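Undergrad: Pasting data_14.txt here (compact mmCIF, N, CA and C atoms):
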# COMPACT_ATOMS: atom_id res chain seq x y z
N MET Q 654 9.19 9.47 -14.82
CA MET Q 654 8.32 8.32 -14.97
C MET Q 654 8.62 7.30 -13.86
N SER Q 655 7.58 6.65 -13.39
CA SER Q 655 7.72 5.66 -12.32
C SER Q 655 8.49 4.44 -12.82
N LYS Q 656 9.38 3.96 -11.99
CA LYS Q 656 10.16 2.78 -12.33
C LYS Q 656 9.34 1.51 -12.14
N HIS Q 657 8.56 1.45 -11.05
CA HIS Q 657 7.73 0.28 -10.75
C HIS Q 657 6.27 0.68 -10.92
N ILE Q 658 5.59 0.05 -11.85
CA ILE Q 658 4.18 0.34 -12.10
C ILE Q 658 3.40 -0.95 -11.89
N ALA Q 659 2.35 -0.88 -11.08
CA ALA Q 659 1.51 -2.05 -10.80
C ALA Q 659 0.59 -2.28 -12.01
N LYS Q 660 0.86 -3.33 -12.76
CA LYS Q 660 0.06 -3.63 -13.94
C LYS Q 660 -1.29 -4.22 -13.58
N ARG Q 661 -1.37 -4.83 -12.39
CA ARG Q 661 -2.63 -5.37 -11.86
C ARG Q 661 -2.76 -4.84 -10.43
N PRO Q 662 -3.98 -4.72 -9.94
CA PRO Q 662 -4.13 -4.25 -8.55
C PRO Q 662 -3.32 -5.08 -7.57
N ARG Q 663 -3.29 -6.39 -7.75
CA ARG Q 663 -2.58 -7.26 -6.81
C ARG Q 663 -1.07 -7.03 -6.80
N ASP Q 664 -0.55 -6.27 -7.77
CA ASP Q 664 0.89 -6.00 -7.85
C ASP Q 664 1.32 -4.77 -7.05
N ILE Q 665 0.38 -4.01 -6.54
CA ILE Q 665 0.73 -2.75 -5.87
C ILE Q 665 1.69 -2.98 -4.71
N ALA Q 666 1.36 -3.92 -3.82
CA ALA Q 666 2.20 -4.14 -2.63
C ALA Q 666 3.62 -4.56 -3.02
N ASP Q 667 3.75 -5.38 -4.07
CA ASP Q 667 5.10 -5.78 -4.51
C ASP Q 667 5.89 -4.57 -5.01
N CYS Q 668 5.21 -3.66 -5.70
CA CYS Q 668 5.88 -2.44 -6.17
C CYS Q 668 6.26 -1.54 -5.00
N VAL Q 669 5.37 -1.42 -4.00
CA VAL Q 669 5.70 -0.65 -2.79
C VAL Q 669 6.94 -1.25 -2.14
N ASN Q 670 6.98 -2.58 -2.02
CA ASN Q 670 8.13 -3.23 -1.41
C ASN Q 670 9.41 -2.96 -2.21
N ALA Q 671 9.33 -2.98 -3.53
CA ALA Q 671 10.51 -2.72 -4.36
C ALA Q 671 11.05 -1.32 -4.08
N TYR Q 672 10.17 -0.33 -4.04
CA TYR Q 672 10.62 1.03 -3.73
C TYR Q 672 11.16 1.12 -2.31
N LEU Q 673 10.55 0.40 -1.39
CA LEU Q 673 11.02 0.42 0.00
C LEU Q 673 12.44 -0.13 0.08
N GLN Q 674 12.71 -1.20 -0.64
CA GLN Q 674 14.06 -1.79 -0.64
C GLN Q 674 15.07 -0.82 -1.25
N GLU Q 675 14.62 -0.01 -2.19
CA GLU Q 675 15.50 0.97 -2.84
C GLU Q 675 15.62 2.26 -2.02
N GLY Q 676 14.83 2.38 -0.96
CA GLY Q 676 14.86 3.59 -0.14
C GLY Q 676 14.24 4.79 -0.85
N ASP Q 677 13.26 4.54 -1.71
CA ASP Q 677 12.66 5.58 -2.55
C ASP Q 677 11.25 5.92 -2.08
N LEU Q 678 11.15 6.85 -1.14
CA LEU Q 678 9.86 7.25 -0.60
C LEU Q 678 8.99 7.93 -1.66
N ASP Q 679 9.61 8.72 -2.52
CA ASP Q 679 8.84 9.35 -3.61
C ASP Q 679 8.25 8.29 -4.52
N GLY Q 680 9.00 7.23 -4.78
CA GLY Q 680 8.51 6.13 -5.60
C GLY Q 680 7.29 5.47 -4.97
N ILE Q 681 7.35 5.25 -3.66
CA ILE Q 681 6.21 4.64 -2.96
C ILE Q 681 4.96 5.47 -3.18
N THR Q 682 5.08 6.78 -3.10
CA THR Q 682 3.88 7.62 -3.23
C THR Q 682 3.28 7.56 -4.63
N THR Q 683 4.06 7.11 -5.64
CA THR Q 683 3.49 6.98 -6.99
C THR Q 683 2.50 5.82 -7.07
N LEU Q 684 2.44 5.00 -6.03
CA LEU Q 684 1.53 3.86 -6.00
C LEU Q 684 0.28 4.15 -5.18
N PHE Q 685 0.03 5.43 -4.96
CA PHE Q 685 -1.17 5.88 -4.25
C PHE Q 685 -1.88 6.91 -5.12
N HIS Q 686 -3.20 6.84 -5.11
CA HIS Q 686 -4.02 7.82 -5.83
C HIS Q 686 -3.90 9.16 -5.11
N PRO Q 687 -3.91 10.28 -5.82
CA PRO Q 687 -3.79 11.59 -5.16
C PRO Q 687 -4.87 11.85 -4.10
N ASP Q 688 -6.03 11.23 -4.22
CA ASP Q 688 -7.12 11.42 -3.25
C ASP Q 688 -7.19 10.29 -2.22
N CYS Q 689 -6.10 9.58 -2.03
CA CYS Q 689 -6.12 8.39 -1.16
C CYS Q 689 -6.38 8.72 0.30
N GLN Q 690 -6.82 7.67 1.00
CA GLN Q 690 -6.91 7.67 2.45
C GLN Q 690 -6.19 6.43 2.93
N VAL Q 691 -5.31 6.62 3.92
CA VAL Q 691 -4.55 5.52 4.50
C VAL Q 691 -4.94 5.43 5.98
N PHE Q 692 -5.54 4.31 6.35
CA PHE Q 692 -6.01 4.12 7.71
C PHE Q 692 -4.93 3.43 8.54
N PHE Q 693 -3.83 4.18 8.78
CA PHE Q 693 -2.72 3.68 9.58
C PHE Q 693 -2.08 4.85 10.30
N PRO Q 694 -1.90 4.76 11.60
CA PRO Q 694 -2.31 3.68 12.47
C PRO Q 694 -3.85 3.60 12.57
N PRO Q 695 -4.36 2.39 12.85
CA PRO Q 695 -5.81 2.17 12.78
C PRO Q 695 -6.62 2.95 13.82
N ASP Q 696 -6.00 3.38 14.89
CA ASP Q 696 -6.74 4.10 15.94
C ASP Q 696 -6.69 5.62 15.75
N GLN Q 697 -6.19 6.07 14.61
CA GLN Q 697 -6.08 7.49 14.31
C GLN Q 697 -6.94 7.83 13.10
N PRO Q 698 -7.26 9.12 12.90
CA PRO Q 698 -7.96 9.50 11.67
C PRO Q 698 -7.09 9.14 10.46
N PRO Q 699 -7.72 8.92 9.31
CA PRO Q 699 -6.94 8.51 8.13
C PRO Q 699 -5.96 9.59 7.68
N LEU Q 700 -4.84 9.14 7.14
CA LEU Q 700 -3.89 10.04 6.48
C LEU Q 700 -4.43 10.22 5.07
N THR Q 701 -4.37 11.43 4.55
CA THR Q 701 -5.00 11.69 3.26
C THR Q 701 -4.01 12.24 2.24
N GLY Q 702 -4.29 11.92 0.98
CA GLY Q 702 -3.49 12.44 -0.13
C GLY Q 702 -2.09 11.84 -0.16
N LEU Q 703 -1.32 12.29 -1.12
CA LEU Q 703 0.03 11.76 -1.28
C LEU Q 703 0.93 12.10 -0.09
N SER Q 704 0.67 13.24 0.55
CA SER Q 704 1.45 13.58 1.74
C SER Q 704 1.12 12.61 2.88
N GLY Q 705 -0.12 12.17 2.95
CA GLY Q 705 -0.51 11.18 3.95
C GLY Q 705 0.14 9.83 3.69
N ALA Q 706 0.17 9.41 2.42
CA ALA Q 706 0.82 8.15 2.07
C ALA Q 706 2.31 8.22 2.42
N ARG Q 707 2.90 9.36 2.13
CA ARG Q 707 4.32 9.56 2.44
C ARG Q 707 4.55 9.43 3.95
N LYS Q 708 3.70 10.06 4.73
CA LYS Q 708 3.83 10.02 6.19
C LYS Q 708 3.70 8.59 6.72
N ALA Q 709 2.80 7.81 6.10
CA ALA Q 709 2.58 6.43 6.56
C ALA Q 709 3.84 5.58 6.40
N PHE Q 710 4.69 5.89 5.42
CA PHE Q 710 5.88 5.08 5.14
C PHE Q 710 7.18 5.67 5.62
N GLU Q 711 7.18 6.92 6.08
CA GLU Q 711 8.44 7.56 6.50
C GLU Q 711 9.20 6.74 7.53
N GLY Q 712 8.50 6.21 8.51
CA GLY Q 712 9.16 5.46 9.58
C GLY Q 712 9.79 4.15 9.14
N PHE Q 713 9.36 3.61 8.00
CA PHE Q 713 9.91 2.35 7.51
C PHE Q 713 11.19 2.54 6.71
N MET Q 714 11.44 3.72 6.21
CA MET Q 714 12.53 3.92 5.25
C MET Q 714 13.90 3.55 5.82
N GLU Q 715 14.17 3.95 7.04
CA GLU Q 715 15.48 3.67 7.62
C GLU Q 715 15.64 2.19 7.94
N LEU Q 716 14.54 1.54 8.34
CA LEU Q 716 14.59 0.12 8.72
C LEU Q 716 14.73 -0.81 7.51
N LYS Q 717 14.18 -0.38 6.37
CA LYS Q 717 14.15 -1.19 5.13
C LYS Q 717 13.64 -2.61 5.37
N PRO Q 718 12.47 -2.74 5.96
CA PRO Q 718 11.90 -4.08 6.11
C PRO Q 718 11.36 -4.56 4.76
N THR Q 719 10.99 -5.81 4.71
CA THR Q 719 10.36 -6.37 3.53
C THR Q 719 8.87 -6.48 3.79
N ILE Q 720 8.08 -6.03 2.84
CA ILE Q 720 6.63 -6.18 2.94
C ILE Q 720 6.24 -7.38 2.10
N LYS Q 721 5.61 -8.34 2.73
CA LYS Q 721 5.13 -9.53 2.03
C LYS Q 721 3.61 -9.45 2.01
N SER Q 722 3.03 -9.64 0.84
CA SER Q 722 1.59 -9.54 0.69
C SER Q 722 1.08 -10.72 -0.12
N ASP Q 723 0.12 -11.42 0.47
CA ASP Q 723 -0.52 -12.56 -0.20
C ASP Q 723 -1.97 -12.16 -0.49
N VAL Q 724 -2.20 -11.64 -1.68
CA VAL Q 724 -3.53 -11.19 -2.07
C VAL Q 724 -4.40 -12.42 -2.33
N PHE Q 725 -5.53 -12.52 -1.60
CA PHE Q 725 -6.42 -13.66 -1.79
C PHE Q 725 -7.76 -13.25 -2.38
N CYS Q 726 -7.94 -11.96 -2.64
CA CYS Q 726 -9.18 -11.48 -3.27
C CYS Q 726 -8.84 -10.27 -4.12
N GLU Q 727 -9.29 -10.30 -5.37
CA GLU Q 727 -9.12 -9.16 -6.27
C GLU Q 727 -10.38 -9.10 -7.13
N VAL Q 728 -11.15 -8.05 -6.94
CA VAL Q 728 -12.36 -7.84 -7.73
C VAL Q 728 -12.18 -6.53 -8.48
N ILE Q 729 -12.21 -6.60 -9.81
CA ILE Q 729 -11.99 -5.42 -10.64
C ILE Q 729 -13.29 -5.04 -11.33
N ASN Q 730 -13.64 -3.76 -11.25
CA ASN Q 730 -14.80 -3.21 -11.95
C ASN Q 730 -14.33 -1.94 -12.66
N GLY Q 731 -14.00 -2.06 -13.93
CA GLY Q 731 -13.51 -0.90 -14.68
C GLY Q 731 -12.18 -0.43 -14.15
N ASP Q 732 -12.16 0.81 -13.65
CA ASP Q 732 -10.90 1.38 -13.14
C ASP Q 732 -10.81 1.37 -11.62
N VAL Q 733 -11.65 0.53 -10.98
CA VAL Q 733 -11.64 0.41 -9.52
C VAL Q 733 -11.52 -1.07 -9.16
N ALA Q 734 -10.81 -1.37 -8.08
CA ALA Q 734 -10.65 -2.76 -7.64
C ALA Q 734 -10.71 -2.85 -6.13
N LEU Q 735 -11.21 -3.97 -5.65
CA LEU Q 735 -11.22 -4.30 -4.23
C LEU Q 735 -10.21 -5.41 -4.01
N LEU Q 736 -9.36 -5.24 -3.00
CA LEU Q 736 -8.34 -6.23 -2.68
C LEU Q 736 -8.43 -6.63 -1.22
N ARG Q 737 -8.12 -7.89 -0.96
CA ARG Q 737 -7.93 -8.36 0.42
C ARG Q 737 -6.65 -9.17 0.43
N ALA Q 738 -5.88 -9.03 1.49
CA ALA Q 738 -4.59 -9.71 1.53
C ALA Q 738 -4.16 -10.00 2.97
N ASN Q 739 -3.41 -11.06 3.12
CA ASN Q 739 -2.66 -11.30 4.35
C ASN Q 739 -1.27 -10.72 4.11
N TRP Q 740 -0.76 -9.96 5.07
CA TRP Q 740 0.51 -9.30 4.86
C TRP Q 740 1.39 -9.42 6.11
N SER Q 741 2.67 -9.18 5.91
CA SER Q 741 3.60 -9.08 7.04
C SER Q 741 4.71 -8.10 6.67
N VAL Q 742 5.25 -7.50 7.69
CA VAL Q 742 6.42 -6.64 7.55
C VAL Q 742 7.55 -7.35 8.30
N VAL Q 743 8.59 -7.71 7.55
CA VAL Q 743 9.68 -8.52 8.10
C VAL Q 743 10.96 -7.69 8.11
N GLY Q 744 11.58 -7.62 9.28
CA GLY Q 744 12.82 -6.87 9.43
C GLY Q 744 13.97 -7.55 8.72
N PRO Q 745 15.07 -6.83 8.51
CA PRO Q 745 16.24 -7.39 7.83
C PRO Q 745 16.79 -8.65 8.52
N ASP Q 746 16.54 -8.78 9.83
CA ASP Q 746 17.02 -9.95 10.56
C ASP Q 746 16.03 -11.11 10.52
N GLY Q 747 14.91 -10.95 9.79
CA GLY Q 747 13.91 -12.01 9.67
C GLY Q 747 12.79 -11.95 10.69
N THR Q 748 12.86 -10.98 11.60
CA THR Q 748 11.83 -10.83 12.62
C THR Q 748 10.56 -10.23 12.02
N VAL Q 749 9.42 -10.85 12.29
CA VAL Q 749 8.14 -10.29 11.84
C VAL Q 749 7.81 -9.11 12.75
N MET Q 750 7.78 -7.92 12.17
CA MET Q 750 7.55 -6.69 12.92
C MET Q 750 6.06 -6.40 13.06
N ALA Q 751 5.29 -6.79 12.06
CA ALA Q 751 3.84 -6.58 12.08
C ALA Q 751 3.22 -7.51 11.04
N GLU Q 752 1.95 -7.83 11.25
CA GLU Q 752 1.23 -8.63 10.28
C GLU Q 752 -0.26 -8.39 10.45
N GLY Q 753 -1.01 -8.70 9.43
CA GLY Q 753 -2.45 -8.50 9.51
C GLY Q 753 -3.14 -8.91 8.23
N GLN Q 754 -4.40 -8.51 8.15
CA GLN Q 754 -5.22 -8.78 6.97
C GLN Q 754 -5.78 -7.45 6.51
N SER Q 755 -5.46 -7.08 5.28
CA SER Q 755 -5.83 -5.77 4.76
C SER Q 755 -7.05 -5.84 3.86
N THR Q 756 -7.68 -4.69 3.75
CA THR Q 756 -8.73 -4.45 2.76
C THR Q 756 -8.35 -3.15 2.08
N GLU Q 757 -8.29 -3.17 0.74
CA GLU Q 757 -7.90 -1.98 0.00
C GLU Q 757 -8.80 -1.77 -1.20
N VAL Q 758 -8.95 -0.53 -1.57
CA VAL Q 758 -9.60 -0.17 -2.82
C VAL Q 758 -8.50 0.47 -3.67
N ALA Q 759 -8.34 -0.05 -4.88
CA ALA Q 759 -7.34 0.48 -5.80
C ALA Q 759 -8.04 1.17 -6.96
N LYS Q 760 -7.33 2.07 -7.61
CA LYS Q 760 -7.89 2.80 -8.74
C LYS Q 760 -6.80 2.96 -9.79
N LYS Q 761 -7.18 2.95 -11.04
CA LYS Q 761 -6.24 3.19 -12.14
C LYS Q 761 -5.65 4.59 -11.98
N LEU Q 762 -4.37 4.72 -12.25
CA LEU Q 762 -3.67 6.00 -12.14
C LEU Q 762 -3.41 6.57 -13.53
N GLU Q 763 -3.03 7.83 -13.57
CA GLU Q 763 -2.75 8.49 -14.85
C GLU Q 763 -1.62 7.82 -15.62
N ASN Q 764 -0.69 7.15 -14.91
CA ASN Q 764 0.44 6.50 -15.59
C ASN Q 764 0.06 5.14 -16.18
N GLY Q 765 -1.22 4.75 -16.04
CA GLY Q 765 -1.68 3.48 -16.58
C GLY Q 765 -1.62 2.33 -15.60
N GLY Q 766 -0.92 2.52 -14.49
CA GLY Q 766 -0.84 1.49 -13.46
C GLY Q 766 -1.97 1.64 -12.45
N TRP Q 767 -1.87 0.85 -11.40
CA TRP Q 767 -2.86 0.88 -10.31
C TRP Q 767 -2.23 1.46 -9.06
N GLY Q 768 -3.04 2.11 -8.24
CA GLY Q 768 -2.58 2.65 -6.96
C GLY Q 768 -3.68 2.55 -5.92
N TYR Q 769 -3.28 2.60 -4.67
CA TYR Q 769 -4.25 2.54 -3.58
C TYR Q 769 -5.06 3.83 -3.51
N LEU Q 770 -6.37 3.69 -3.43
CA LEU Q 770 -7.28 4.80 -3.17
C LEU Q 770 -7.67 4.80 -1.69
N ILE Q 771 -7.97 3.61 -1.17
CA ILE Q 771 -8.27 3.42 0.25
C ILE Q 771 -7.39 2.27 0.73
N ASP Q 772 -6.55 2.52 1.70
CA ASP Q 772 -5.64 1.50 2.22
C ASP Q 772 -5.93 1.29 3.69
N CYS Q 773 -6.43 0.09 3.99
CA CYS Q 773 -6.75 -0.29 5.38
C CYS Q 773 -5.92 -1.51 5.74
N PRO Q 774 -4.68 -1.33 6.19
CA PRO Q 774 -3.80 -2.46 6.47
C PRO Q 774 -4.37 -3.43 7.50
N ASN Q 775 -5.18 -2.93 8.41
CA ASN Q 775 -5.75 -3.79 9.45
C ASN Q 775 -7.25 -4.00 9.23
N GLY Q 776 -7.69 -3.90 8.00
CA GLY Q 776 -9.11 -4.03 7.69
C GLY Q 776 -9.81 -2.71 7.88
N PRO Q 777 -11.04 -2.62 7.41
CA PRO Q 777 -11.78 -1.36 7.51
C PRO Q 777 -12.01 -0.95 8.96
N PRO Q 778 -11.99 0.35 9.22
CA PRO Q 778 -12.25 0.82 10.59
C PRO Q 778 -13.71 0.56 10.98
N ALA Q 779 -13.92 0.40 12.27
CA ALA Q 779 -15.27 0.19 12.80
C ALA Q 779 -16.05 1.50 12.71
N LEU Q 780 -17.34 1.38 12.61
CA LEU Q 780 -18.20 2.56 12.66
C LEU Q 780 -18.04 3.24 14.01
N SER Q 781 -18.06 4.55 14.01
CA SER Q 781 -17.94 5.25 15.30
C SER Q 781 -19.22 5.91 15.70
Rewrite the structure of this file - the entire thing - as structure tokens.
TA:
Amino acid sequence: MSKHIAKRPRDIADCVNAYLQEGDLDGITTLFHPDCQVFFPPDQPPLTGLSGARKAFEGFMELKPTIKSDVFCEVINGDVALLRANWSVVGPDGTVMAEGQSTEVAKKLENGGWGYLIDCPNGPPALS
């Protein structure tokens, strides 16, 4: 059973950060829907599924940065939610490693919590 469960869509990033601080990559993937798409890096095709979510976070595990997320929009319709947030990734020394404004679609998970279905850390990709 997952240790950190996002009770509201806006809680997902805080739960991801908690698992990141614990060095638990498997835990992070419990906060993503099995059919997820992660648009990171933004200039590449999306990473898909739980293996894609895992790949998106592998590089952060050794660094153990803190993810700070300030959700300023949460629209819930049944088991789907739209989120927008200002975020930053802060290194252990306090250096801001990255920051941006995200757009995400979250979906209720089988465990009763919420997880990312579409994760666009730098906003939605442009039409090609």
Undergrad: For atom N of Ile658 of chain Q and atom CA of Ser704 of chain Q, quote the distance in Å rounded to one decimal.
TA: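 Between these atoms lies a distance of 19.6 Å.
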Undergrad: Among the residues of segment 689-774 of chain Q, find those DSSP assigns to alpha helix (DSSP H) from the backbone and print them as a VMD selection string.
TA: chain Q and resid 702 to 714
Undergrad: As an MDAnalysis selection string, please: every residue in segment 657-767 of chain Q that a backbone DSSP assignment puts in strand (DSSP E).
TA: chainID Q and resid 685:691 700:701 719:730 733:743 749:761 767
Undergrad: Given the choices Q:Ile729, Q:Ala759, Q:Leu678, Q:Leu770, which gets closest to Phe710 of chain Q if the distance is worked out from only N, CA and C atoms?
TA: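 So, comparing all the options, the nearest one is Q:Leu678.
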Undergrad: Between Q:Ala709, Q:Gly765, Q:Val742, Q:Leu673, which residue has the minimum interatomic distance to Pro694 of chain Q, considering only N, CA and C atoms?
TA: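 The shortest atom-to-atom distance to Pro694 of chain Q comes from Q:Ala709.
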Undergrad: Interatomic distance between atom CA of Gly705 of chain Q and atom CA of Thr683 of chain Q?
TA: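 Atom-to-atom, atom CA of Gly705 of chain Q and atom CA of Thr683 of chain Q are spaced 12.4 Å apart.
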Undergrad: Tell me, in Å to one decimal, how far atom CA of Gly766 of chain Q is from atom N of Lys660 of chain Q.
TA: 5.2 Å
Undergrad: Which protein, DNA or RNA residues are at most 12 Å from (-2.8, -10.9, 8.8) in the file's coordinates when you count only C-alpha atoms, listed as a ChimeraX atom specification?
TA: /Q:721-725,737-742,749-756,773-776
Undergrad: Neighbouring residues of Leu735 of chain Q were defined as those with any atom within 8 Å, considering only N, CA and C atoms; residues of the same chain fewer than 4 positions away were excluded. Please report them as a PyMOL selection string.
TA: chain Q and resi 662-663+726-730+756-760
Undergrad: Go ahead and write the selection's residues with N, CA and C atoms as a short mmCIF file (atom, residue, chain, number, x, y, z; two decimals), keeping the file's coordinate frame.
TA:
data_model
loop_
_atom_site.label_atom_id
_atom_site.label_comp_id
_atom_site.auth_asym_id
_atom_site.auth_seq_id
_atom_site.Cartn_x
_atom_site.Cartn_y
_atom_site.Cartn_z
N PRO Q 662 -3.98 -4.72 -9.94
CA PRO Q 662 -4.13 -4.25 -8.55
C PRO Q 662 -3.32 -5.08 -7.57
N ARG Q 663 -3.29 -6.39 -7.75
CA ARG Q 663 -2.58 -7.26 -6.81
C ARG Q 663 -1.07 -7.03 -6.80
N CYS Q 726 -7.94 -11.96 -2.64
CA CYS Q 726 -9.18 -11.48 -3.27
C CYS Q 726 -8.84 -10.27 -4.12
N GLU Q 727 -9.29 -10.30 -5.37
CA GLU Q 727 -9.12 -9.16 -6.27
C GLU Q 727 -10.38 -9.10 -7.13
N VAL Q 728 -11.15 -8.05 -6.94
CA VAL Q 728 -12.36 -7.84 -7.73
C VAL Q 728 -12.18 -6.53 -8.48
N ILE Q 729 -12.21 -6.60 -9.81
CA ILE Q 729 -11.99 -5.42 -10.64
C ILE Q 729 -13.29 -5.04 -11.33
N ASN Q 730 -13.64 -3.76 -11.25
CA ASN Q 730 -14.80 -3.21 -11.95
C ASN Q 730 -14.33 -1.94 -12.66
N THR Q 756 -7.68 -4.69 3.75
CA THR Q 756 -8.73 -4.45 2.76
C THR Q 756 -8.35 -3.15 2.08
N GLU Q 757 -8.29 -3.17 0.74
CA GLU Q 757 -7.90 -1.98 0.00
C GLU Q 757 -8.80 -1.77 -1.20
N VAL Q 758 -8.95 -0.53 -1.57
CA VAL Q 758 -9.60 -0.17 -2.82
C VAL Q 758 -8.50 0.47 -3.67
N ALA Q 759 -8.34 -0.05 -4.88
CA ALA Q 759 -7.34 0.48 -5.80
C ALA Q 759 -8.04 1.17 -6.96
N LYS Q 760 -7.33 2.07 -7.61
CA LYS Q 760 -7.89 2.80 -8.74
C LYS Q 760 -6.80 2.96 -9.79
#
Undergrad: Find, counting all atoms listed in the file, the residue in Q:Phe693, Q:Phe685, Q:Tyr672, Q:Phe713 that gets nearest to Trp767 of chain Q.
TA: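 Of the candidates, the smallest distance to Trp767 of chain Q is held by Q:Phe685.
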Undergrad: Distance cut-off 12 Å, centre (10.7, -2.7, -3.8) in file coordinates, counting only C-alpha atoms: which residues qualify? Return them as a ChimeraX atom specification.
TA: /Q:656-659,664-678,680-681,684,714,717-721
Undergrad: Considering only C-alpha atoms, can you say which of Q:Thr682, Q:Thr748, Q:Gly768, Q:Gly712 comes closest to Val733 of chain Q?
TA: Q:Gly768
Undergrad: Box for segment 673-679 of chain Q - axis-aligned, 6 Å on each of the six sides, all listed atoms - centre and size in Å to one decimal, as lines of an AutoDock Vina configuration file.
TA:
center_x = 11.9
center_y = 3.8
center_z = -2.2
size_x = 19.4
size_y = 23.1
size_z = 16.6
Undergrad: Of the candidates Q:Leu762, Q:Val743, Q:Leu716, Q:Leu736, which shows the shortest atom-to-atom distance to Pro777 of chain Q, using only C-alpha atoms?
TA: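 Distance minimum relative to Pro777 of chain Q lands on Q:Leu736.
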Undergrad: Using only C-alpha atoms, can you tell me which of Q:Glu763, Q:Gln697, Q:Pro745, Q:Leu780 comes closest to Glu715 of chain Q?
TA: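 Residue with the minimum atom-to-atom distance to Glu715 of chain Q: Q:Pro745.
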